[in-house]
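Enquirer: Input file: query_20.cif. Contents: mmCIF, C-alpha atoms and all ligand atoms.
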```
data_protein
loop_
_atom_site.label_atom_id
_atom_site.label_comp_id
_atom_site.auth_asym_id
_atom_site.auth_seq_id
_atom_site.Cartn_x
_atom_site.Cartn_y
_atom_site.Cartn_z
CA MET M 83 2.85 -13.74 27.28
CA LYS M 84 5.08 -14.97 30.08
CA PHE M 85 8.42 -13.15 29.93
CA LYS M 86 11.82 -14.31 31.15
CA ASN M 87 14.72 -12.15 32.12
CA THR M 88 17.33 -14.13 30.18
CA LEU M 89 19.48 -13.40 27.15
CA ALA M 90 18.19 -16.50 25.35
CA PHE M 91 14.59 -15.39 25.83
CA ALA M 92 15.29 -11.85 24.61
CA ARG M 93 17.04 -13.23 21.53
CA GLN M 94 14.09 -15.49 20.86
CA LEU M 95 11.78 -12.47 20.87
CA ASP M 96 14.13 -10.70 18.46
CA GLU M 97 14.10 -13.66 16.10
CA ASN M 98 10.32 -13.55 15.96
CA ASP M 99 10.20 -9.77 15.54
CA SER M 100 8.90 -9.01 12.05
CA ILE M 101 10.29 -5.45 12.07
CA GLY M 102 13.54 -6.19 13.95
CA HIS M 103 15.67 -5.71 10.82
CA TYR M 104 14.81 -1.99 10.79
CA LYS M 105 17.40 -1.51 13.53
CA GLN M 106 20.02 -1.81 10.77
CA ALA M 107 18.45 1.14 8.97
CA PHE M 108 19.56 3.60 11.67
CA ASN M 109 22.86 5.15 12.75
CA PHE M 110 23.70 4.73 16.44
CA PRO M 111 26.11 6.70 18.62
CA ILE M 112 28.98 4.52 19.87
CA VAL M 113 30.01 4.40 23.56
CA LYS M 114 32.84 2.15 24.78
CA GLY M 115 33.11 0.66 21.31
CA LYS M 116 29.47 -0.44 21.21
CA LYS M 117 26.21 0.89 19.82
CA VAL M 118 24.36 2.61 22.63
CA ILE M 119 21.06 1.39 24.04
CA TYR M 120 19.00 4.33 22.89
CA PHE M 121 15.96 5.11 25.03
CA THR M 122 15.51 8.77 24.10
CA GLY M 123 13.70 8.51 20.79
CA ASN M 124 10.86 10.37 22.50
CA SER M 125 13.16 13.38 22.58
CA LEU M 126 15.26 13.05 19.44
CA GLY M 127 14.87 10.02 17.20
CA LEU M 128 17.93 8.29 15.75
CA GLN M 129 19.12 9.12 12.26
CA PRO M 130 17.75 6.85 9.52
CA LYS M 131 20.57 6.00 7.10
CA ARG M 132 18.16 6.85 4.33
CA ALA M 133 17.90 10.42 5.64
CA VAL M 134 21.56 10.96 4.76
CA ASP M 135 20.87 10.01 1.13
CA TYR M 136 17.83 12.25 0.93
CA VAL M 137 19.73 15.25 2.25
CA ASN M 138 22.66 14.55 -0.09
CA GLU M 139 20.26 14.41 -3.01
CA VAL M 140 19.03 17.93 -2.23
CA MET M 141 22.61 19.20 -1.84
CA LYS M 142 23.53 17.67 -5.19
CA ASP M 143 20.49 19.12 -6.94
CA TRP M 144 21.24 22.50 -5.46
CA ALA M 145 24.88 22.32 -6.64
CA GLU M 146 24.05 21.14 -10.12
CA LEU M 147 20.77 22.89 -10.82
CA ALA M 148 20.64 25.90 -8.52
CA VAL M 149 17.35 27.76 -9.08
CA GLU M 150 16.28 25.24 -11.71
CA GLY M 151 15.95 22.75 -8.85
CA HIS M 152 12.54 24.22 -8.04
CA PHE M 153 11.17 22.47 -11.12
CA TYR M 154 13.83 20.06 -12.38
CA ALA M 155 15.34 18.51 -9.25
CA GLU M 156 15.03 14.76 -8.80
CA LYS M 157 12.20 15.65 -6.44
CA PRO M 158 11.24 19.20 -7.46
CA TRP M 159 11.22 21.65 -4.59
CA TRP M 160 8.16 23.70 -5.53
CA ASP M 161 5.81 20.90 -4.47
CA TYR M 162 8.20 18.76 -2.39
CA HIS M 163 5.85 19.08 0.61
CA GLU M 164 3.06 17.31 -1.28
CA ARG M 165 5.03 14.07 -1.11
CA PHE M 166 4.14 13.96 2.58
CA CYS M 167 0.38 14.19 2.35
CA GLU M 168 -0.33 10.51 1.62
CA PRO M 169 2.19 8.75 3.87
CA LEU M 170 1.87 11.19 6.76
CA SER M 171 -1.92 11.05 6.64
CA GLU M 172 -1.61 7.31 7.34
CA VAL M 173 0.49 7.98 10.44
CA VAL M 174 -2.07 10.37 11.97
CA GLY M 175 -5.29 8.89 10.58
CA ALA M 176 -6.27 11.72 8.29
CA LEU M 177 -7.24 12.33 4.70
CA PRO M 178 -4.20 13.27 2.59
CA GLU M 179 -5.53 16.79 2.04
CA GLU M 180 -5.85 17.31 5.81
CA VAL M 181 -2.09 17.09 6.37
CA THR M 182 0.75 19.47 5.61
CA VAL M 183 4.36 20.03 6.65
CA MET M 184 5.65 23.47 7.47
CA ASN M 185 7.53 25.57 10.03
CA THR M 186 8.15 24.02 13.44
CA LEU M 187 5.77 22.81 16.11
CA THR M 188 5.17 25.80 18.38
CA VAL M 189 5.09 28.08 15.36
CA ASN M 190 2.42 25.90 13.79
CA LEU M 191 0.33 25.91 16.94
CA HIS M 192 0.51 29.71 16.93
CA PHE M 193 -0.63 29.82 13.31
CA LEU M 194 -3.42 27.35 13.96
CA MET M 195 -4.58 29.23 17.04
CA ILE M 196 -4.83 32.38 14.95
CA SER M 197 -7.39 30.47 12.89
CA PHE M 198 -9.08 28.42 15.58
CA TYR M 199 -8.97 30.46 18.76
CA ARG M 200 -11.35 33.35 18.09
CA PRO M 201 -12.57 34.32 21.55
CA THR M 202 -15.83 36.22 22.00
CA GLU M 203 -17.14 37.94 25.09
CA GLN M 204 -19.15 34.85 25.94
CA ARG M 205 -16.81 32.09 24.77
CA PHE M 206 -13.15 32.79 25.48
CA LYS M 207 -11.70 30.12 27.75
CA ILE M 208 -8.99 27.61 26.88
CA LEU M 209 -8.71 24.31 28.70
CA CYS M 210 -5.26 22.70 28.92
CA GLU M 211 -3.45 20.33 31.26
CA GLU M 212 -1.50 21.58 34.28
CA LYS M 213 2.27 21.56 33.82
CA ALA M 214 1.94 21.26 30.07
CA PHE M 215 5.21 21.27 28.13
CA PRO M 216 6.57 24.81 28.73
CA SER M 217 6.43 25.84 25.09
CA ASP M 218 2.71 25.08 25.07
CA GLN M 219 2.17 27.11 28.24
CA TYR M 220 3.91 30.13 26.72
CA LEU M 221 2.00 29.62 23.49
CA ILE M 222 -1.37 29.67 25.25
CA GLN M 223 -0.52 32.56 27.57
CA THR M 224 0.65 34.77 24.73
CA GLN M 225 -2.23 33.88 22.42
CA VAL M 226 -4.63 34.88 25.15
CA LYS M 227 -2.81 38.19 25.58
CA LEU M 228 -2.84 38.74 21.83
CA HIS M 229 -6.63 38.97 22.15
CA GLY M 230 -6.35 41.43 25.02
CA LEU M 231 -7.43 38.87 27.62
CA ASN M 232 -5.98 38.04 30.99
CA PRO M 233 -4.44 34.52 31.16
CA GLU M 234 -5.79 34.14 34.69
CA ASP M 235 -9.36 34.52 33.47
CA ALA M 236 -9.01 32.74 30.17
CA ILE M 237 -6.85 29.68 30.90
CA VAL M 238 -8.25 26.75 32.87
CA GLN M 239 -5.86 23.95 33.78
CA ILE M 240 -6.98 20.39 34.41
CA LYS M 241 -5.33 19.12 37.55
CA LYS M 242 -4.29 15.70 38.71
CA ARG M 243 -5.85 14.46 41.92
CA PRO M 244 -3.59 14.79 44.96
CA GLY M 245 -1.19 11.87 45.22
CA GLU M 246 -1.90 10.63 41.68
CA HIS M 247 0.59 10.65 38.83
CA ASN M 248 -1.84 10.80 35.93
CA PHE M 249 -4.86 12.72 34.76
CA ARG M 250 -8.29 11.11 34.88
CA THR M 251 -10.43 11.27 31.76
CA GLU M 252 -13.55 11.78 33.88
CA ASP M 253 -12.00 14.90 35.44
CA ILE M 254 -11.25 16.31 32.00
CA LEU M 255 -14.80 15.59 30.80
CA ASP M 256 -16.24 17.18 33.93
CA ALA M 257 -14.10 20.28 33.45
CA ILE M 258 -15.33 20.61 29.86
CA SER M 259 -18.96 20.35 30.96
CA GLU M 260 -18.44 22.80 33.76
CA ILE M 261 -16.90 25.51 31.58
CA GLY M 262 -19.60 24.77 29.00
CA ASP M 263 -20.51 27.68 26.79
CA GLU M 264 -17.54 29.75 27.97
CA LEU M 265 -15.18 27.19 26.50
CA ALA M 266 -13.61 28.34 23.23
CA LEU M 267 -10.81 25.80 22.85
CA VAL M 268 -9.46 22.61 24.36
CA LEU M 269 -5.75 22.23 23.63
CA ILE M 270 -3.89 19.35 25.27
CA GLY M 271 -0.74 17.35 24.58
CA GLY M 272 -1.98 13.98 23.25
CA VAL M 273 0.75 12.11 25.13
CA ASN M 274 2.06 13.74 28.28
CA TYR M 275 5.78 14.36 27.86
CA TYR M 276 6.60 13.79 31.53
CA THR M 277 4.64 10.66 32.40
CA GLY M 278 3.98 9.18 28.96
CA GLN M 279 0.24 9.09 29.67
CA VAL M 280 -1.87 8.84 26.50
CA PHE M 281 -5.04 10.93 26.68
CA ASP M 282 -8.33 9.56 25.40
CA ILE M 283 -8.29 11.83 22.37
CA LYS M 284 -11.50 10.44 20.90
CA THR M 285 -13.63 10.85 24.01
CA ILE M 286 -12.23 14.24 24.98
CA SER M 287 -12.65 15.56 21.43
CA ALA M 288 -16.27 14.42 21.35
CA LYS M 289 -16.98 16.09 24.67
CA ALA M 290 -15.44 19.37 23.51
CA LYS M 291 -17.72 19.29 20.44
CA GLU M 292 -20.72 18.61 22.65
CA VAL M 293 -20.30 21.95 24.43
CA GLY M 294 -19.54 23.77 21.18
CA ALA M 295 -15.80 24.21 21.73
CA THR M 296 -12.98 23.81 19.22
CA ILE M 297 -10.56 20.95 19.83
CA GLY M 298 -6.83 21.01 19.03
CA TRP M 299 -4.06 18.59 19.99
CA ASP M 300 -0.33 18.94 20.37
CA LEU M 301 0.85 15.56 19.11
CA ALA M 302 4.59 16.01 19.73
CA HIS M 303 4.84 12.71 21.63
CA ALA M 304 1.99 11.02 19.79
CA ALA M 305 2.85 11.13 16.07
CA GLY M 306 4.57 7.90 15.09
CA ASN M 307 3.98 6.51 18.59
CA ILE M 308 0.26 5.87 19.08
CA LYS M 309 -2.74 5.06 16.93
CA LEU M 310 -4.44 8.25 15.76
CA GLU M 311 -7.64 8.79 13.82
CA LEU M 312 -7.77 12.54 13.64
CA HIS M 313 -10.32 12.68 10.84
CA ASN M 314 -12.79 10.23 12.35
CA TRP M 315 -12.40 11.70 15.80
CA ASP M 316 -13.47 15.05 14.37
CA VAL M 317 -10.43 16.88 15.70
CA ASP M 318 -10.31 20.47 14.40
CA PHE M 319 -6.56 20.90 14.24
CA ALA M 320 -3.32 19.35 15.44
CA ALA M 321 0.42 19.73 15.03
CA TRP M 322 3.45 17.65 15.88
CA CYS M 323 7.21 17.82 15.57
CA SER M 324 9.06 15.42 13.32
CA TYR M 325 12.21 14.91 15.35
CA LYS M 326 10.88 12.80 18.24
CA TYR M 327 9.30 9.47 17.27
CA MET M 328 9.44 10.44 13.62
CA ASN M 329 13.24 10.56 13.38
CA ALA M 330 13.56 13.55 11.06
CA GLY M 331 16.47 15.28 12.81
CA PRO M 332 16.88 18.21 15.18
CA GLY M 333 14.45 21.05 14.53
CA SER M 334 13.14 19.56 11.30
CA ALA M 335 9.83 20.61 9.80
CA SER M 336 6.63 20.04 11.75
CA GLY M 337 3.45 18.35 10.60
CA ALA M 338 0.02 19.93 10.86
CA PHE M 339 -3.55 18.69 10.50
CA VAL M 340 -6.64 20.75 9.68
CA HIS M 341 -9.95 18.92 9.43
CA LYS M 342 -11.48 18.91 5.95
CA LYS M 343 -14.65 20.61 7.14
CA HIS M 344 -12.66 23.83 7.61
CA HIS M 345 -10.84 23.87 4.28
CA ASP M 346 -13.22 25.92 2.22
CA ASN M 347 -14.48 28.13 5.03
CA LYS M 348 -13.27 31.55 3.95
CA GLU M 349 -14.46 33.05 7.24
CA ILE M 350 -11.56 31.41 9.03
CA ILE M 351 -8.72 33.85 9.37
CA ARG M 352 -5.34 32.58 8.22
CA LEU M 353 -2.08 34.44 8.17
CA GLY M 354 -1.29 34.50 4.48
CA GLY M 355 1.88 33.86 2.54
CA TRP M 356 2.65 32.86 -1.03
CA TRP M 357 3.09 29.16 -0.30
CA GLY M 358 -0.51 28.87 0.86
CA HIS M 359 -1.72 30.60 -2.29
CA ASN M 360 -3.45 28.78 -5.14
CA LYS M 361 -0.68 26.49 -6.32
CA GLU M 362 -1.22 26.82 -10.06
CA ARG M 363 -1.09 30.60 -9.74
CA ARG M 364 1.64 30.92 -7.13
CA PHE M 365 4.25 32.27 -9.50
CA LEU M 366 1.92 34.75 -11.21
CA MET M 367 2.57 37.15 -8.34
CA GLU M 368 -1.08 38.17 -8.07
CA GLU M 369 -2.29 40.76 -5.59
CA ASP M 370 -5.18 38.92 -3.96
CA TYR M 371 -4.60 36.04 -1.60
CA ASP M 372 -6.45 32.92 -2.71
CA PRO M 373 -5.61 30.14 -0.24
CA ILE M 374 -5.37 26.50 -1.30
CA LEU M 375 -8.46 24.67 -0.03
CA SER M 376 -6.59 22.02 1.93
CA ALA M 377 -4.23 21.92 4.91
CA ASN M 378 -1.55 23.14 2.48
CA GLY M 379 -3.45 26.43 2.46
CA TRP M 380 -2.07 27.10 5.96
CA GLN M 381 1.50 27.25 4.63
CA VAL M 382 3.10 30.65 4.57
CA SER M 383 6.69 30.45 3.36
CA ASN M 384 8.52 28.17 0.99
CA PRO M 385 9.72 25.39 3.27
CA SER M 386 13.32 24.46 4.02
CA ILE M 387 13.84 21.52 1.67
CA LEU M 388 16.90 20.50 3.69
CA SER M 389 14.62 20.06 6.67
CA LEU M 390 11.93 18.23 4.72
CA ALA M 391 14.36 15.76 3.13
CA PRO M 392 15.18 13.71 6.26
CA TYR M 393 11.52 13.81 7.27
CA LEU M 394 10.51 12.38 3.90
CA ALA M 395 13.02 9.55 4.29
CA SER M 396 11.52 8.77 7.68
CA VAL M 397 7.89 9.07 6.63
CA GLU M 398 8.52 6.59 3.83
CA MET M 399 9.86 4.11 6.38
CA PHE M 400 6.72 4.54 8.46
CA ARG M 401 4.65 3.82 5.38
CA GLU M 402 6.60 0.63 4.64
CA VAL M 403 6.29 -0.67 8.18
CA GLY M 404 2.80 0.63 8.96
CA MET M 405 1.57 1.95 12.29
CA ASP M 406 -0.11 -1.34 13.18
CA ALA M 407 3.18 -3.27 13.14
CA ILE M 408 4.90 -0.48 15.05
CA ILE M 409 2.19 -0.45 17.71
CA ALA M 410 2.15 -4.24 18.05
CA LYS M 411 5.89 -4.27 18.75
CA ARG M 412 5.63 -1.18 20.92
CA ASN M 413 3.17 -2.88 23.24
CA LYS M 414 5.32 -5.96 23.56
CA ILE M 415 8.70 -4.33 24.02
CA THR M 416 7.37 -1.72 26.45
CA SER M 417 5.81 -4.51 28.52
CA TYR M 418 9.12 -6.38 28.38
CA LEU M 419 10.96 -3.31 29.65
CA GLU M 420 8.40 -2.94 32.44
CA TYR M 421 8.90 -6.59 33.35
CA VAL M 422 12.70 -6.29 33.37
CA LEU M 423 12.45 -3.21 35.60
CA GLU M 424 10.24 -5.12 38.03
CA GLU M 425 12.53 -8.15 38.06
CA ILE M 426 15.64 -6.08 38.79
CA ALA M 427 13.80 -4.14 41.49
CA LYS M 428 12.81 -7.42 43.16
CA GLU M 429 16.27 -8.98 42.91
CA GLU M 430 18.13 -5.90 44.07
CA ASN M 431 15.53 -4.74 46.55
CA ALA M 432 15.48 -1.39 44.77
CA SER M 433 12.88 1.28 45.16
CA TYR M 434 11.77 2.93 42.00
CA GLU M 435 8.32 3.23 40.57
CA VAL M 436 6.95 3.38 37.04
CA ILE M 437 4.52 6.31 36.99
CA THR M 438 3.32 5.75 33.42
CA PRO M 439 -0.13 4.12 33.28
CA SER M 440 0.12 0.33 33.12
CA SER M 441 -2.61 -0.23 30.51
CA GLN M 442 -1.57 -0.35 26.87
CA GLU M 443 -4.37 1.99 25.85
CA GLU M 444 -3.01 4.66 28.12
CA ARG M 445 0.64 4.57 27.20
CA GLY M 446 2.90 4.59 24.17
CA SER M 447 6.61 3.81 23.98
CA GLN M 448 7.65 5.67 27.08
CA LEU M 449 7.99 4.52 30.66
CA SER M 450 8.73 7.24 33.20
CA VAL M 451 10.44 5.96 36.30
CA LEU M 452 10.37 7.84 39.55
CA LEU M 453 13.65 7.23 41.38
CA HIS M 454 13.53 7.24 45.12
CA GLY M 455 17.22 6.54 45.63
CA LYS M 456 20.25 8.41 44.39
CA GLY M 457 18.59 9.24 41.12
CA ARG M 458 21.09 11.61 39.66
CA SER M 459 24.08 9.28 40.19
CA LEU M 460 22.18 6.38 38.65
CA PHE M 461 21.43 8.52 35.63
CA THR M 462 25.11 9.47 35.24
CA TYR M 463 26.19 5.85 35.60
CA LEU M 464 23.78 4.63 32.92
CA ILE M 465 24.91 7.30 30.45
CA GLN M 466 28.54 6.31 31.02
CA GLU M 467 27.64 2.69 30.35
CA GLY M 468 26.05 3.59 27.01
CA VAL M 469 22.39 3.65 28.05
CA ILE M 470 20.99 6.91 26.72
CA ILE M 471 18.05 8.02 28.83
CA ASP M 472 16.91 11.41 29.95
CA TRP M 473 16.40 13.11 33.21
CA ARG M 474 13.50 15.29 34.24
CA GLU M 475 13.50 17.22 37.49
CA PRO M 476 13.06 16.45 40.28
CA ASN M 477 13.80 12.71 39.97
CA VAL M 478 12.30 11.06 36.91
CA VAL M 479 14.06 9.20 34.12
CA ARG M 480 12.22 8.57 30.88
CA LEU M 481 12.87 5.37 28.94
CA ALA M 482 11.46 4.88 25.46
CA PRO M 483 12.25 1.54 23.80
CA VAL M 484 11.28 2.83 20.36
CA PRO M 485 10.02 -0.14 18.32
CA LEU M 486 11.74 0.74 15.04
CA TYR M 487 15.26 0.46 16.40
CA THR M 488 15.20 -1.15 19.84
CA SER M 489 15.77 -4.88 20.23
CA TYR M 490 14.60 -7.09 23.07
CA GLU M 491 18.25 -7.87 23.64
CA ASP M 492 18.84 -4.13 24.25
CA VAL M 493 16.17 -4.26 26.94
CA TYR M 494 17.72 -7.33 28.55
CA ASN M 495 21.20 -5.74 28.44
CA PHE M 496 19.81 -2.59 30.01
CA GLY M 497 18.52 -4.70 32.92
CA GLN M 498 21.98 -6.20 33.43
CA ILE M 499 23.61 -2.76 33.49
CA LEU M 500 20.95 -1.59 35.94
CA ARG M 501 21.67 -4.59 38.14
CA LYS M 502 25.36 -3.59 38.32
CA ALA M 503 24.27 -0.20 39.55
CA SER M 504 22.33 -1.78 42.41
CA ASP M 505 24.30 0.01 45.12
CA ILE M 506 23.02 3.34 43.80
CA LEU M 507 19.46 2.21 43.23
C1 LIG M 601 8.88 18.66 22.07
C2 LIG M 601 7.68 19.47 22.33
C3 LIG M 601 7.59 20.79 21.85
C4 LIG M 601 8.73 21.41 21.12
O1 LIG M 601 8.36 22.52 20.37
P1 LIG M 601 9.24 23.07 19.17
O2 LIG M 601 8.43 24.16 18.66
O3 LIG M 601 9.45 21.94 18.19
O4 LIG M 601 10.55 23.51 19.70
C5 LIG M 601 6.40 21.49 22.10
N1 LIG M 601 5.38 20.93 22.80
C6 LIG M 601 5.45 19.66 23.27
C7 LIG M 601 4.30 19.07 24.02
C8 LIG M 601 6.61 18.90 23.07
O5 LIG M 601 6.68 17.67 23.55
#
```
Once you've parsed the file, please lay out its structure as structure tokens.
Ligand SMILES: *Cc1c(COP(=O)(O)O)cnc(C)c1O
Expert:
Amino acid sequence: MKFKNTLAFARQLDENDSIGHYKQAFNFPIVKGKKVIYFTGNSLGLQPKRAVDYVNEVMKDWAELAVEGHFYAEKPWWDYHERFCEPLSEVVGALPEEVTVMNTLTVNLHFLMISFYRPTEQRFKILCEEKAFPSDQYLIQTQVKLHGLNPEDAIVQIKKRPGEHNFRTEDILDAISEIGDELALVLIGGVNYYTGQVFDIKTISAKAKEVGATIGWDLAHAAGNIKLELHNWDVDFAAWCSYKYMNAGPGSASGAFVHKKHHDNKEIIRLGGWWGHNKERRFLMEEDYDPILSANGWQVSNPSILSLAPYLASVEMFREVGMDAIIAKRNKITSYLEYVLEEIAKEENASYEVITPSSQEERGSQLSVLLHGKGRSLFTYLIQEGVIIDWREPNVVRLAPVPLYTSYEDVYNFGQILRKASDIL
């Protein structure tokens, strides 16, 4: 499609946008009397209005029913988490029994690594990407130490080639082959948080299997953003947070995936707790741990219902809209943003550079822009003008025109604000 950098053109795109009305379903911060242009849904998604109702419902049930709410609440708490299995499995391409909600993201990765990183003398290495999100680096380092191993021997990082902004799939595949039968686990972020690069999850997962390694994915920036087929791609495990593209609120419960083939394998060590115990017998207070034979069997504690409630509201919206519609708009609006950035750069003779891959298969909602000029002052100016973006050292801003609540007009308006900042570009 040939784009134009005009208000009329942007409005035309909005009129033809089949999911444009979902913008009304969210609460926006107000700056200078106007709704902000919100480009940080990759960090913390906006609040769905429906989430407020869902949380209020739990507060009301708690007030009126107290402990009886476990069984008699509008949505009973004892199996509240099961309401997620169907709709969330559609978001990540899984079977309903392969998905659960529990804890928070890094905690879930720790729990899953207890089950799926079982190093032996021969096979003990973990392959991850260099400069992974810090929490993932600490996770991997400490898991390795938990097994009495030295991170320097056990952790192999895939590197970018000098002068390049993104990882090459071929380099990852080569690294997997090279480590071969020493490779215990491949654990990578499915979408790189810094550049927005989408990894080829299918191909990398298949390669890991080929050398006999386990494959896990951190899908923090992937869930609700890109097309996933975790079951078909034969991924062993994955986890994601709910507060980025999935709009469930700060620190809300995380999602986790465990492939069906592992469910009834009693050899796999799990850290036990009563919520993972045979559901029908949970309240019999039996001595022996008998885990549920589904992803729910990885639960430990009774979950915070107040954290699940906004997530459920959001997951139901995803089900209504469907990932295909979200991805179709995502591709178009991200391309429009890229176009507007290029147009403004040309007109204002500005020097910045999008470092996110340009192909739609290799990116999601996020464009990371490397600023060569006075980056920090541009960032401050945009925030003051009601454009919410984020800053990553040393000089990158990340812009995510999240399809559920960003309009094409927002993107156009952003360009006009950027143009006014031309002297600091
Ligand atoms: C956001 C993010 C996290 C955050 O972890 P929490 O446990 O939810 O605090 C971890 N890893 C990656 C890759 C992330 O993008």
Enquirer: Which residues are near ligand LIG 601 (chain M) - at most 8 Å, using all atoms listed in the file? Format: as a list in words.
Expert: Ser125, Thr186, Leu187, Thr188, Val189, Asn190, Ala214, Phe215, Pro216, Ser217, Asp218, Gly271, Val273, Asn274, Tyr275, Asp300, Leu301, Ala302, His303, Trp322, Cys323, Lys326, Gly333 and Ser336 of chain M
Enquirer: Write out as an NGL selection string each polymer residue whose atoms come within 12 Å of M:Asp143, counting only C-alpha atoms; drop sequence neighbours fewer than 2 positions from it.
Expert: :M and (136-141 or 145-159 or 387-388)
Enquirer: Using all atoms listed in the file, find the one residue out of M:Val484, M:Ile112, M:Ala288, M:Leu312 that sits nearest to M:Ile409.
Expert: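 Checking each candidate against M:Ile409, we get M:Val484 as the closest.
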Enquirer: Please provide the set of residues having any atom within 8 Å of M:Thr488, restricted to all atoms listed in the file, with same-chain residues fewer than 2 positions apart removed, written as a PyMOL selection string.
Expert: chain M and resi 102+105+119-120+483-486+490+492-493
Enquirer: Write out the residues from the selection above, keeping C-alpha atoms, as a PDB file, in the coordinates of the input.
Expert:
```pdb
ATOM      1  CA  GLY M 102      13.540  -6.190  13.950  1.00  0.00           C
ATOM      2  CA  LYS M 105      17.400  -1.510  13.530  1.00  0.00           C
ATOM      3  CA  ILE M 119      21.060   1.390  24.040  1.00  0.00           C
ATOM      4  CA  TYR M 120      19.000   4.330  22.890  1.00  0.00           C
ATOM      5  CA  PRO M 483      12.250   1.540  23.800  1.00  0.00           C
ATOM      6  CA  VAL M 484      11.280   2.830  20.360  1.00  0.00           C
ATOM      7  CA  PRO M 485      10.020  -0.140  18.320  1.00  0.00           C
ATOM      8  CA  LEU M 486      11.740   0.740  15.040  1.00  0.00           C
ATOM      9  CA  TYR M 490      14.600  -7.090  23.070  1.00  0.00           C
ATOM     10  CA  ASP M 492      18.840  -4.130  24.250  1.00  0.00           C
ATOM     11  CA  VAL M 493      16.170  -4.260  26.940  1.00  0.00           C
TER      12      VAL M 493
END
```
Enquirer: Can you work out the spacing between atom CA of M:Val134 and atom CA of M:Tyr162 in Å, to one decimal?
Expert: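 Answer for the atom CA of M:Val134 to atom CA of M:Tyr162 separation: 17.0 Å.
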Enquirer: Hey, can you check how far atom CA of M:Pro439 sits from atom CA of M:Ser287?
Expert: 20.7 Å
Enquirer: Residues near stretch 367-376 of chain M, anyone? I mean within 9 Å using all atoms listed in the file, not counting same-chain ones fewer than 3 positions away, as a list in words.
Expert: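 Once the adjacent positions are removed, what remains is Glu179, Glu180, Val181, Thr182, Val340, His341, Lys342, His344, His345, Asp346, Asn347, Lys348, Arg352, Gly354, Gly355, Trp356, Trp357, Gly358, His359, Asn360, Lys361, Arg363, Arg364, Gly379 and Trp380 of chain M.
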Enquirer: Measuring atom to atom with only C-alpha atoms, identify which of M:Gly262, M:Gly446, M:Gly278, M:Pro111 is nearest to M:Gln129.
Expert: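 Of the candidates, the smallest distance to M:Gln129 is held by M:Pro111.
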Enquirer: Have a look at M:Ile222, M:Leu209, M:Met184, M:Val451 and name the one nearest to M:Glu260; count all atoms listed in the file.
Expert: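 Among M:Ile222, M:Leu209, M:Met184, M:Val451, it is M:Leu209 that comes nearest to M:Glu260.
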Enquirer: Can you pull out every residue within 10 Å of M:Asn87, counting only C-alpha atoms, but drop anything in the same chain fewer than 2 positions away, and send it as a VMD selection string?
Expert: chain M and resid 85 89 to 92 418 to 419 421 to 423 425 to 426 493 to 495 497 to 498
